[in-house]
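S.K.: The structure is given below, and queries will be raised subsequently.
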2 protein chains.
Amino acid sequence: MVTGAASGWVKVIGLGPGDEACVTPDARAALDAASDIVGYGPYVSRVALRSGQTAHATDNRVERDRAAHALDMAASGKRVAVVSSGDAGVFAMAATVYEVLEEDLDRWATVDVHVIPGLTAMTAVAARVGAPLGHDFCAISLSDNLKPWDLILKRVALAAEGDFVMSFYNPIAKARPWQLGEVFTKLRALLPSETPVVFATAVSRADERVEVVSLKDAAPEMADMRTLVMVGSRNTRVVTRPDGTRFVYTPRKVAAQDLEEAS
Amino acid sequence: MVTGAASGWVKVIGLGPGDEACVTPDARAALDAASDIVGYGPYVSRVALRSGQTAHATDNRVERDRAAHALDMAASGKRVAVVSSGDAGVFAMAATVYEVLEEDLDRWATVDVHVIPGLTAMTAVAARVGAPLGHDFCAISLSDNLKPWDLILKRVALAAEGDFVMSFYNPIAKARPWQLGEVFTKLRALLPSETPVVFATAVSRADERVEVVSLKDAAPEMADMRTLVMVGSRNTRVVTRPDGTRFVYTPRKVAAQDLEEAS
């Protein structure tokens, strides 16, 4: 790629679930090389600025402005790190940056744009409780800010029919208080009442909180906006060890008779 | 947890897609603390042994024996790292370890078992091509060694109906040569012929190979056993920049009319 002398870059970086020990060396190197750090306030705060770096912390709801700002700074020669929690490509800033870039390809023609992956919440949560993602699974954002609520419910129902383990990102927010409850109601009509549900909040941080309950007892109040909610498949098991601790896992094997029982 | 004095631990560790810069400090610390490294040969080879560490490289098909061996060594006081590529919890060793553990809880009652997450192939591949996982998605292993082929086809069809982006792990192998072709045939009946398909092999390694084609041109020969195959949703876009490079992304927004057109 031939770039103008003045042109910089944008790297959209996933910082992982929160613990510094989960930030990859790849992400760390990209952060170190940046002149400017751009992102939602709490994520920018996670980056220890080195001398000469400028932080641009912005509000939660201005993703598109933030992306355009990052691309503009890069076009003027800056090396811009756009930071997200988890993996930048999973319900985070990477899609927004490409969306905005597509709308004016010529304006940012000389800017290098890359994504640096990170540990997404789903796999960090799975590791905490055992191995619930040991078999086929899906990830659904429950935010209906940018997609119709009916589509979300349709996907939840199809995932239940297919017996996928489901991870719900953005399960609840002040502006979206009832959606998670409606999802649980729908799932209770489709899945066994003992299906395991994991509520994992702030995984890998000091205030980490993980609860495992049965679908019949799952309640929206168990989640806040930092929670990932995971619903098992018909095969997901909760096992108690002799010392009383529990683990959750989904066996790799599905027998033909399980399939018949499920359908 | 009260543990016997002689008891060690098992940590099931995800090494990420291949590049050392994608191994988290968390995983690195667990590897450093291990007395024994256990896993499929090519994954064990990725770990630079320090003095005093013993490697136990085993064949691809002996996951259960490997897990029991790791648990037994830990019960005798060893600190055992079981290594997987990608994330240990995603179609890898973590589920096997818990499966084997469950079958004899008392035998390994004193062994601490933990999973250390890693970058799973799906997010590493997404980062390479853009942001195809910017919207709801699923992951399906195409291996029918442990589940009925009909269940795999059913899940593929439901995922297409729900317009999930799909990542196929274990797409092809010598013993499973025709399955991926059958999946493409099925998908061609369900999705637009221009739906983007990504074939990504050995991502982050020296021999990395990434191809983006349309569903109508997708062929099983484009994959080998190290390939992750990703199929876009009806909204996934392939965009060519002024310099001729392309990116693939799935917009965050789905309009109500897209939903109607899809159904």
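As shown in the structure tokens, the chain order sets the letters A, B, ...; within each chain, residues go from 1, and ligands are also counted from 1 in the order they appear.
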Distance table requested - chain A against chain B, cut-off 7 Å, only C-alpha atoms: one row per qualifying residue with the closest atom pair and its distance in Å to one decimal, ordered by chain and rising residue number, as a tab-separated table.
M.R.:
```
residue	atom	partner	partner_atom	distance
A:Met1	CA	B:Asp243	CA	6.4
A:Ala21	CA	B:Asp26	CA	4.8
A:Cys22	CA	B:Thr24	CA	5.3
A:Val23	CA	B:Thr24	CA	6.1
A:Thr24	CA	B:Thr24	CA	4.6
A:Pro25	CA	B:Ala21	CA	4.9
A:Asp26	CA	B:Ala21	CA	4.8
A:Gly89	CA	B:Ala131	CA	5.2
A:Val90	CA	B:Gly134	CA	5.3
A:Phe91	CA	B:Gly134	CA	5.1
A:Ala92	CA	B:Gly134	CA	6.9
A:Ala94	CA	B:Ala131	CA	5.7
A:Ala95	CA	B:Ala131	CA	5.2
A:Tyr98	CA	B:Tyr249	CA	6.9
A:Glu99	CA	B:Pro251	CA	6.4
A:Leu105	CA	B:Arg241	CA	6.3
A:Asp106	CA	B:Pro242	CA	6.8
A:Ala109	CA	B:Pro242	CA	6.1
A:Val115	CA	B:Ala127	CA	4.9
A:Ile116	CA	B:Ala127	CA	6.2
A:Pro117	CA	B:Ala124	CA	5.8
A:Gly118	CA	B:Leu119	CA	6.5
A:Leu119	CA	B:Leu119	CA	5.7
A:Thr123	CA	B:Pro117	CA	6.2
A:Ala124	CA	B:Pro117	CA	5.8
A:Ala126	CA	B:Gly89	CA	6.9
A:Ala127	CA	B:Val115	CA	4.9
A:Arg128	CA	B:Val115	CA	6.9
A:Gly130	CA	B:Val115	CA	6.8
A:Ala131	CA	B:Ala95	CA	5.1
A:Leu133	CA	B:Val90	CA	5.5
A:Gly134	CA	B:Phe91	CA	5.1
A:His135	CA	B:Phe91	CA	6.2
A:Asp136	CA	B:Ile140	CA	4.8
A:Phe137	CA	B:Ala139	CA	5.5
A:Cys138	CA	B:Cys138	CA	3.8
A:Ala139	CA	B:Phe137	CA	5.5
A:Ile140	CA	B:Asp136	CA	4.8
A:Ser141	CA	B:Asp136	CA	6.5
A:Leu146	CA	B:Lys253	CA	4.6
A:Lys147	CA	B:Val254	CA	4.7
A:Pro148	CA	B:Ala256	CA	6.0
A:Lys154	CA	B:Gly162	CA	7.0
A:Arg155	CA	B:Gly162	CA	5.3
A:Leu158	CA	B:Leu158	CA	6.0
A:Gly162	CA	B:Arg155	CA	5.3
A:Arg241	CA	B:Leu105	CA	6.3
A:Pro242	CA	B:Ala109	CA	6.1
A:Asp243	CA	B:Met1	CA	6.4
A:Tyr249	CA	B:Ala95	CA	6.2
A:Thr250	CA	B:Ala95	CA	6.6
A:Pro251	CA	B:Ala95	CA	6.0
A:Arg252	CA	B:Leu146	CA	6.5
A:Lys253	CA	B:Leu146	CA	4.6
A:Val254	CA	B:Lys147	CA	4.7
A:Ala255	CA	B:Lys147	CA	6.1
A:Ala256	CA	B:Pro148	CA	6.0
```
S.K.: Considering only strand (DSSP E) as DSSP defines it on the backbone, what residues of stretch 43-175 of chain B qualify? List them as a list in words.
M.R.: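 Those residues are Thr54, Ala55, His56, Ala57, Thr58, Arg79, Val80, Ala81, Val82, Val83, Ser84, Asp112, Val113, His114, Val115, Ile116, Gly130, Ala131, Phe137, Cys138, Ala139, Ile140, Ser141, Val165, Met166, Ser167, Phe168 and Tyr169 of chain B.
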S.K.: For the helix (DSSP H, G or I) assignment from backbone DSSP, which residues of stretch 4-245 of chain A qualify? Please present them as a ChimeraX atom specification.
M.R.: /A:20-22,25-33,41-44,63-75,93-103,121-129,149-161,179-190,215-217,220-222
S.K.: Between atom CA of B:Ser193 and atom CA of B:Ile172, what is the spacing in Å?
M.R.: 21.9 Å
S.K.: Show which residues sit within 12 Å of A:Asp207, as a list of chain:residue names. Count only C-alpha atoms, and ignore same-chain residues fewer than 3 positions away.
M.R.: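 That gives A:Gly18, A:Asp19, A:Ala200, A:Thr201, A:Ala202, A:Val203, A:Ser204, A:Val210, A:Arg226, A:Thr227.
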S.K.: Out of A:Leu153, A:Val198, A:Ala206, A:Ala75, which residue has the shortest atom-to-atom distance to A:Lys186 when counting only C-alpha atoms?
M.R.: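 With only C-alpha atoms as the atom set, the closest residue is A:Leu153.
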S.K.: Just give me the gap between atom CA of B:Ser76 and atom CA of B:Gly8 in Å, one decimal is fine.
M.R.: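 So the two atoms, atom CA of B:Ser76 and atom CA of B:Gly8, lie 6.8 Å apart.
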S.K.: Between A:Arg61, A:Arg79, A:Arg234, A:His69, which is the closest to A:Leu31 once you count only C-alpha atoms?
M.R.: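 Residue with the minimum atom-to-atom distance to A:Leu31: A:Arg79.
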S.K.: In terms of the shortest atom-to-atom distance over only C-alpha atoms, which of B:Glu211, B:Glu182, B:Asp112, B:Asp32 is closest to B:Gln53?
M.R.: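 Nearest candidate to B:Gln53 out of B:Glu211, B:Glu182, B:Asp112, B:Asp32: B:Asp32.
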S.K.: Near B:Leu49, within 10 Å and counting only C-alpha atoms, which residues show up once chain neighbours fewer than 6 positions away are dropped, as a PyMOL selection string?
M.R.: chain B and resi 31-32+34-37+55
